[in-house]
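Undergrad: Below is the file my_file-v7.pdb, with PDB, C-alpha atoms.
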ATOM      1  CA  MET A 188     -27.195  81.830 148.059  1.00  0.00           C
ATOM      2  CA  ALA A 189     -28.682  85.225 148.892  1.00  0.00           C
ATOM      3  CA  LEU A 190     -28.807  86.524 152.447  1.00  0.00           C
ATOM      4  CA  THR A 191     -32.519  86.745 153.291  1.00  0.00           C
ATOM      5  CA  PRO A 192     -34.283  88.730 156.022  1.00  0.00           C
ATOM      6  CA  SER A 193     -36.316  87.130 158.768  1.00  0.00           C
ATOM      7  CA  THR A 194     -39.992  86.672 158.014  1.00  0.00           C
ATOM      8  CA  GLY A 195     -41.028  86.349 161.662  1.00  0.00           C
ATOM      9  CA  LEU A 196     -41.296  88.854 164.458  1.00  0.00           C
ATOM     10  CA  LEU A 197     -38.075  90.585 165.396  1.00  0.00           C
ATOM     11  CA  ASN A 198     -36.801  90.330 168.921  1.00  0.00           C
ATOM     12  CA  LEU A 199     -36.319  94.082 169.278  1.00  0.00           C
ATOM     13  CA  ALA A 200     -34.143  93.709 172.356  1.00  0.00           C
ATOM     14  CA  GLU A 201     -31.635  91.481 170.543  1.00  0.00           C
ATOM     15  CA  LYS A 202     -31.283  92.812 167.029  1.00  0.00           C
ATOM     16  CA  THR A 203     -28.338  91.544 164.970  1.00  0.00           C
ATOM     17  CA  VAL A 204     -26.580  94.144 162.838  1.00  0.00           C
ATOM     18  CA  LEU A 205     -24.158  93.170 160.076  1.00  0.00           C
ATOM     19  CA  ILE A 206     -21.484  95.713 159.178  1.00  0.00           C
ATOM     20  CA  LEU A 207     -20.179  95.016 155.686  1.00  0.00           C
ATOM     21  CA  GLY A 208     -17.076  96.745 154.420  1.00  0.00           C
ATOM     22  CA  SER A 209     -13.328  96.857 154.322  1.00  0.00           C
ATOM     23  CA  GLU A 210     -11.512  95.796 157.449  1.00  0.00           C
ATOM     24  CA  GLY A 211     -10.020  98.529 159.532  1.00  0.00           C
ATOM     25  CA  TYR A 212      -9.983 100.354 162.800  1.00  0.00           C
ATOM     26  CA  GLY A 213     -13.001 102.487 161.892  1.00  0.00           C
ATOM     27  CA  ARG A 214     -15.237  99.528 161.086  1.00  0.00           C
ATOM     28  CA  MET A 215     -14.107  97.774 164.267  1.00  0.00           C
ATOM     29  CA  GLU A 216     -14.779 100.834 166.457  1.00  0.00           C
ATOM     30  CA  LEU A 217     -18.175 101.371 164.826  1.00  0.00           C
ATOM     31  CA  GLY A 218     -19.018  97.731 165.552  1.00  0.00           C
ATOM     32  CA  LYS A 219     -17.950  98.042 169.193  1.00  0.00           C
ATOM     33  CA  ALA A 220     -20.039 101.178 169.648  1.00  0.00           C
ATOM     34  CA  LEU A 221     -23.117  99.581 168.057  1.00  0.00           C
ATOM     35  CA  ALA A 222     -22.706  96.453 170.197  1.00  0.00           C
ATOM     36  CA  GLN A 223     -22.853  98.581 173.362  1.00  0.00           C
ATOM     37  CA  THR A 224     -26.311  99.886 172.523  1.00  0.00           C
ATOM     38  CA  ARG A 225     -29.487  98.169 173.681  1.00  0.00           C
ATOM     39  CA  GLU A 226     -28.466  94.526 173.519  1.00  0.00           C
ATOM     40  CA  ARG A 227     -27.343  94.671 169.894  1.00  0.00           C
ATOM     41  CA  ARG A 228     -25.351  91.812 168.434  1.00  0.00           C
ATOM     42  CA  VAL A 229     -22.902  92.894 165.769  1.00  0.00           C
ATOM     43  CA  ARG A 230     -21.304  90.791 163.070  1.00  0.00           C
ATOM     44  CA  MET A 231     -18.721  92.066 160.625  1.00  0.00           C
ATOM     45  CA  ALA A 232     -17.759  90.849 157.181  1.00  0.00           C
ATOM     46  CA  SER A 233     -15.811  92.228 154.267  1.00  0.00           C
ATOM     47  CA  GLU A 234     -18.325  91.148 151.650  1.00  0.00           C
ATOM     48  CA  LEU A 235     -21.234  88.913 150.772  1.00  0.00           C
ATOM     49  CA  PRO A 236     -21.907  86.063 150.436  1.00  0.00           C
ATOM     50  CA  LEU A 237     -21.291  84.955 154.007  1.00  0.00           C
ATOM     51  CA  GLU A 238     -19.952  81.491 154.637  1.00  0.00           C
ATOM     52  CA  PRO A 239     -22.749  79.016 155.470  1.00  0.00           C
ATOM     53  CA  ASP A 240     -23.232  78.783 159.233  1.00  0.00           C
ATOM     54  CA  PRO A 241     -26.235  76.945 160.687  1.00  0.00           C
ATOM     55  CA  ASP A 242     -25.676  78.636 164.071  1.00  0.00           C
ATOM     56  CA  ARG A 243     -25.643  82.197 162.662  1.00  0.00           C
ATOM     57  CA  GLN A 244     -28.251  84.528 164.097  1.00  0.00           C
ATOM     58  CA  GLN A 245     -30.706  86.089 161.666  1.00  0.00           C
ATOM     59  CA  ILE A 246     -29.344  89.390 160.310  1.00  0.00           C
ATOM     60  CA  ASP A 247     -31.895  92.119 161.030  1.00  0.00           C
ATOM     61  CA  PHE A 248     -30.117  95.211 159.707  1.00  0.00           C
ATOM     62  CA  ILE A 249     -27.130  95.701 157.390  1.00  0.00           C
ATOM     63  CA  VAL A 250     -24.759  98.670 157.399  1.00  0.00           C
ATOM     64  CA  PHE A 251     -22.599  99.031 154.303  1.00  0.00           C
ATOM     65  CA  TYR A 252     -19.466 100.702 155.692  1.00  0.00           C
ATOM     66  CA  ILE A 253     -17.879 102.753 152.878  1.00  0.00           C
ATOM     67  CA  PRO A 254     -14.639 104.651 153.614  1.00  0.00           C
ATOM     68  CA  ALA A 255     -14.711 107.405 150.969  1.00  0.00           C
ATOM     69  CA  HIS A 256     -10.913 107.533 150.754  1.00  0.00           C
ATOM     70  CA  LEU A 257     -10.661 103.849 149.770  1.00  0.00           C
ATOM     71  CA  PRO A 258     -10.686 103.309 146.007  1.00  0.00           C
ATOM     72  CA  GLY A 259     -13.099 100.561 145.024  1.00  0.00           C
ATOM     73  CA  ALA A 260     -15.076 100.502 148.297  1.00  0.00           C
ATOM     74  CA  LEU A 261     -18.310 101.384 146.524  1.00  0.00           C
ATOM     75  CA  SER A 262     -17.642  98.809 143.805  1.00  0.00           C
ATOM     76  CA  LYS A 263     -17.165  96.144 146.476  1.00  0.00           C
ATOM     77  CA  MET A 264     -20.553  97.110 147.900  1.00  0.00           C
ATOM     78  CA  ARG A 265     -22.175  96.743 144.470  1.00  0.00           C
ATOM     79  CA  GLU A 266     -20.751  93.221 144.204  1.00  0.00           C
ATOM     80  CA  SER A 267     -22.172  92.291 147.617  1.00  0.00           C
ATOM     81  CA  LEU A 268     -25.624  93.574 146.645  1.00  0.00           C
ATOM     82  CA  CYS A 269     -25.922  90.676 144.176  1.00  0.00           C
ATOM     83  CA  HIS A 270     -25.969  88.318 147.185  1.00  0.00           C
ATOM     84  CA  LEU A 271     -28.627  90.198 149.127  1.00  0.00           C
ATOM     85  CA  ASP A 272     -32.325  89.366 149.041  1.00  0.00           C
ATOM     86  CA  SER A 273     -34.481  92.276 147.899  1.00  0.00           C
ATOM     87  CA  GLY A 274     -36.350  92.148 151.233  1.00  0.00           C
ATOM     88  CA  TYR A 275     -33.417  93.971 152.818  1.00  0.00           C
ATOM     89  CA  TYR A 276     -33.962  97.006 150.613  1.00  0.00           C
ATOM     90  CA  LEU A 277     -37.215  97.778 152.410  1.00  0.00           C
ATOM     91  CA  GLY A 278     -35.648  99.658 155.304  1.00  0.00           C
ATOM     92  CA  ARG A 279     -33.325  96.915 156.549  1.00  0.00           C
ATOM     93  CA  CYS A 280     -30.049  98.386 155.351  1.00  0.00           C
ATOM     94  CA  ALA A 281     -28.188 101.657 155.091  1.00  0.00           C
ATOM     95  CA  LEU A 282     -25.006 102.977 153.593  1.00  0.00           C
ATOM     96  CA  ALA A 283     -22.557 104.623 156.019  1.00  0.00           C
ATOM     97  CA  LEU A 284     -20.171 106.864 154.097  1.00  0.00           C
ATOM     98  CA  VAL A 285     -17.199 107.905 156.217  1.00  0.00           C
ATOM     99  CA  ALA A 286     -14.661 110.539 155.278  1.00  0.00           C
ATOM    100  CA  ASP A 287     -11.855 108.993 157.294  1.00  0.00           C
ATOM    101  CA  ASP A 288     -10.506 105.863 158.877  1.00  0.00           C
ATOM    102  CA  PRO A 289      -7.774 106.213 161.471  1.00  0.00           C
ATOM    103  CA  THR A 290      -6.193 102.925 160.359  1.00  0.00           C
ATOM    104  CA  PRO A 291      -2.512 103.592 159.701  1.00  0.00           C
ATOM    105  CA  ILE A 292      -1.708 103.002 156.047  1.00  0.00           C
ATOM    106  CA  SER A 293       1.823 101.936 155.046  1.00  0.00           C
ATOM    107  CA  GLY A 294       3.331 103.085 158.315  1.00  0.00           C
ATOM    108  CA  GLY A 295       1.797 106.547 158.053  1.00  0.00           C
ATOM    109  CA  SER A 296      -1.171 108.072 159.796  1.00  0.00           C
ATOM    110  CA  GLY A 297      -4.785 107.271 159.094  1.00  0.00           C
ATOM    111  CA  ALA A 298      -6.456 108.184 155.837  1.00  0.00           C
ATOM    112  CA  ARG A 299      -8.829 111.095 155.459  1.00  0.00           C
ATOM    113  CA  ILE A 300     -10.548 112.722 152.543  1.00  0.00           C
ATOM    114  CA  ASP A 301     -11.723 116.342 152.734  1.00  0.00           C
ATOM    115  CA  CYS A 302     -15.534 116.388 152.628  1.00  0.00           C
ATOM    116  CA  GLY A 303     -15.437 119.393 150.317  1.00  0.00           C
ATOM    117  CA  SER A 304     -12.952 117.873 147.890  1.00  0.00           C
ATOM    118  CA  ALA A 305     -13.880 116.857 144.373  1.00  0.00           C
ATOM    119  CA  ASP A 306     -12.905 113.250 145.188  1.00  0.00           C
ATOM    120  CA  TYR A 307     -15.282 113.044 148.159  1.00  0.00           C
ATOM    121  CA  LEU A 308     -18.098 114.759 146.277  1.00  0.00           C
ATOM    122  CA  GLU A 309     -17.668 112.287 143.405  1.00  0.00           C
ATOM    123  CA  VAL A 310     -17.862 109.304 145.786  1.00  0.00           C
ATOM    124  CA  LEU A 311     -20.896 110.887 147.481  1.00  0.00           C
ATOM    125  CA  LYS A 312     -22.594 111.446 144.107  1.00  0.00           C
ATOM    126  CA  ASP A 313     -22.012 107.813 143.091  1.00  0.00           C
ATOM    127  CA  ALA A 314     -23.153 106.549 146.510  1.00  0.00           C
ATOM    128  CA  ARG A 315     -26.334 108.644 146.348  1.00  0.00           C
ATOM    129  CA  LYS A 316     -27.110 107.411 142.853  1.00  0.00           C
ATOM    130  CA  LEU A 317     -26.759 103.786 143.963  1.00  0.00           C
ATOM    131  CA  ALA A 318     -28.670 104.330 147.213  1.00  0.00           C
ATOM    132  CA  ASP A 319     -31.471 106.175 145.419  1.00  0.00           C
ATOM    133  CA  SER A 320     -31.858 103.319 142.940  1.00  0.00           C
ATOM    134  CA  LEU A 321     -32.371 100.935 145.892  1.00  0.00           C
ATOM    135  CA  ASP A 322     -34.311 103.314 148.187  1.00  0.00           C
ATOM    136  CA  MET A 323     -31.482 102.918 150.696  1.00  0.00           C
ATOM    137  CA  PRO A 324     -30.696 105.703 153.174  1.00  0.00           C
ATOM    138  CA  ILE A 325     -27.198 107.151 153.487  1.00  0.00           C
ATOM    139  CA  VAL A 326     -25.605 108.378 156.678  1.00  0.00           C
ATOM    140  CA  GLN A 327     -22.413 110.392 156.507  1.00  0.00           C
ATOM    141  CA  GLY A 328     -19.944 110.690 159.308  1.00  0.00           C
ATOM    142  CA  SER A 329     -16.531 110.135 160.713  1.00  0.00           C
ATOM    143  CA  VAL A 330     -14.792 107.473 162.768  1.00  0.00           C
ATOM    144  CA  ALA A 331     -11.882 109.713 163.770  1.00  0.00           C
ATOM    145  CA  ASP A 332     -12.787 109.911 167.474  1.00  0.00           C
ATOM    146  CA  SER A 333     -15.335 108.660 169.979  1.00  0.00           C
ATOM    147  CA  ASP A 334     -17.637 111.691 169.594  1.00  0.00           C
ATOM    148  CA  ALA A 335     -17.761 111.235 165.824  1.00  0.00           C
ATOM    149  CA  ILE A 336     -18.427 107.502 166.188  1.00  0.00           C
ATOM    150  CA  THR A 337     -21.218 108.234 168.681  1.00  0.00           C
ATOM    151  CA  GLY A 338     -22.840 110.547 166.126  1.00  0.00           C
ATOM    152  CA  LEU A 339     -22.598 107.930 163.382  1.00  0.00           C
ATOM    153  CA  VAL A 340     -24.014 105.235 165.687  1.00  0.00           C
ATOM    154  CA  SER A 341     -26.889 107.545 166.605  1.00  0.00           C
ATOM    155  CA  SER A 342     -27.760 108.026 162.926  1.00  0.00           C
ATOM    156  CA  ILE A 343     -27.627 104.281 162.265  1.00  0.00           C
ATOM    157  CA  LEU A 344     -29.751 103.511 165.330  1.00  0.00           C
ATOM    158  CA  HIS A 345     -32.336 106.054 164.223  1.00  0.00           C
ATOM    159  CA  LEU A 346     -32.643 104.179 160.918  1.00  0.00           C
ATOM    160  CA  SER A 347     -32.795 100.770 162.586  1.00  0.00           C
ATOM    161  CA  HIS A 348     -35.489 102.022 165.000  1.00  0.00           C
ATOM    162  CA  SER A 349     -37.499 103.142 161.995  1.00  0.00           C
ATOM    163  CA  ILE A 350     -37.498  99.600 160.640  1.00  0.00           C
ATOM    164  CA  GLU A 351     -38.533  98.217 164.040  1.00  0.00           C
ATOM    165  CA  THR A 352     -41.573 100.491 164.033  1.00  0.00           C
ATOM    166  CA  THR A 353     -42.395  99.747 160.388  1.00  0.00           C
ATOM    167  CA  LEU A 354     -42.125  95.987 160.857  1.00  0.00           C
ATOM    168  CA  LEU A 355     -44.149  96.035 164.048  1.00  0.00           C
ATOM    169  CA  LEU A 356     -46.923  98.042 162.416  1.00  0.00           C
ATOM    170  CA  SER A 357     -46.976  95.771 159.341  1.00  0.00           C
ATOM    171  CA  VAL A 358     -47.297  92.681 161.560  1.00  0.00           C
ATOM    172  CA  LEU A 359     -50.129  94.236 163.591  1.00  0.00           C
ATOM    173  CA  ARG A 360     -52.205  95.028 160.480  1.00  0.00           C
TER     174      ARG A 360
END
Can you turn what I pasted into structure tokens?
TA:
Amino acid sequence: MALTPSTGLLNLAEKTVLILGSEGYGRMELGKALAQTRERRVRMASELPLEPDPDRQQIDFIVFYIPAHLPGALSKMRESLCHLDSGYYLGRCALALVADDPTPISGGSGARIDCGSADYLEVLKDARKLADSLDMPIVQGSVADSDAITGLVSSILHLSHSIETTLLLSVLR
């Protein structure tokens, strides 16, 4: 069953954001930072579809968390899109492409991909192509430290505020 957006008025003070993407420290820290802003509720999942839950709050905005260094992360997002109602493509979701994730991998340090590298540029090109086909915005950033996370959260909030304004204006018409 597809995840569908709310058809009623949003409670702007209590928006629920779903962060979809691979588990890791970066996704967790991004979720914590988003939850600390303006009464936001944050849910996290690796992929869609979500398990049925009659008590689940309506999902108002979806962030596809894509670590560029993780092979297959974009493919996983494509698979999840099949379980998403087309109503989310109208300003209710965004792709967050991150160049790093400080999650230790195999006992080493966190993973990072150089933003100027051919690998990153290839992932960015593929992400842009997919996002353009769905009219979905992309934010790029880092989750390496609190300042970087704050910048990424700011970009995501700017997009989610845009949908609040758009939805409010469409309801008032």
Undergrad: Would you mind telling me which residue in A:Ile325, A:Leu282, A:Val310, A:Val204 lies nearest to Ser347 in chain A when using only C-alpha atoms?
TA: A:Val204
Undergrad: Would you mind reading off the distance between CA of Arg225 in chain A and CA of Val285 in chain A, one decimal, in Å?
TA: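 Calculated distance between CA of Arg225 in chain A and CA of Val285 in chain A is 23.5 Å.
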Undergrad: Between A:Leu235, A:Ala220, A:Val250, A:Ala314, single out the one closest to Ser341 in chain A, counting only C-alpha atoms.
TA: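 Ranked by minimum distance to Ser341 in chain A, first place goes to A:Ala220.
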Undergrad: List the neighbours of Met264 in chain A out to 10 Å using all atoms listed in the file; skip same-chain residues closer than 3 positions along the sequence, and give me the result as a list in words.
TA: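 After dropping sequence-adjacent residues, the list is Leu207, Gly208, Ser209, Ser233, Glu234, Leu235, Phe251, Tyr252, Ile253, Gly259, Ala260, Leu261, Ser267, Leu268, Cys269, Leu282, Ala314 and Leu317 of chain A.
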Undergrad: Suppose you want the space between CA of Val229 in chain A and CA of Ala255 in chain A; what is it in Å?
TA: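 Distance reported for this atom pair: 22.3 Å.
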Undergrad: Given the file shown, enumerate the residues that the PyMOL selection byres ((chain A and resi 276) around 10) captures and present them as a ChimeraX atom specification.
TA: /A:192,249,268,271-275,277-281,318,321-324
Undergrad: From the options A:Thr203, A:Gln327, A:Thr224, A:Ser342, which residue's atoms come nearest to Ala283 in chain A, counting only C-alpha atoms?
TA: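 Nearest to Ala283 in chain A: A:Gln327.
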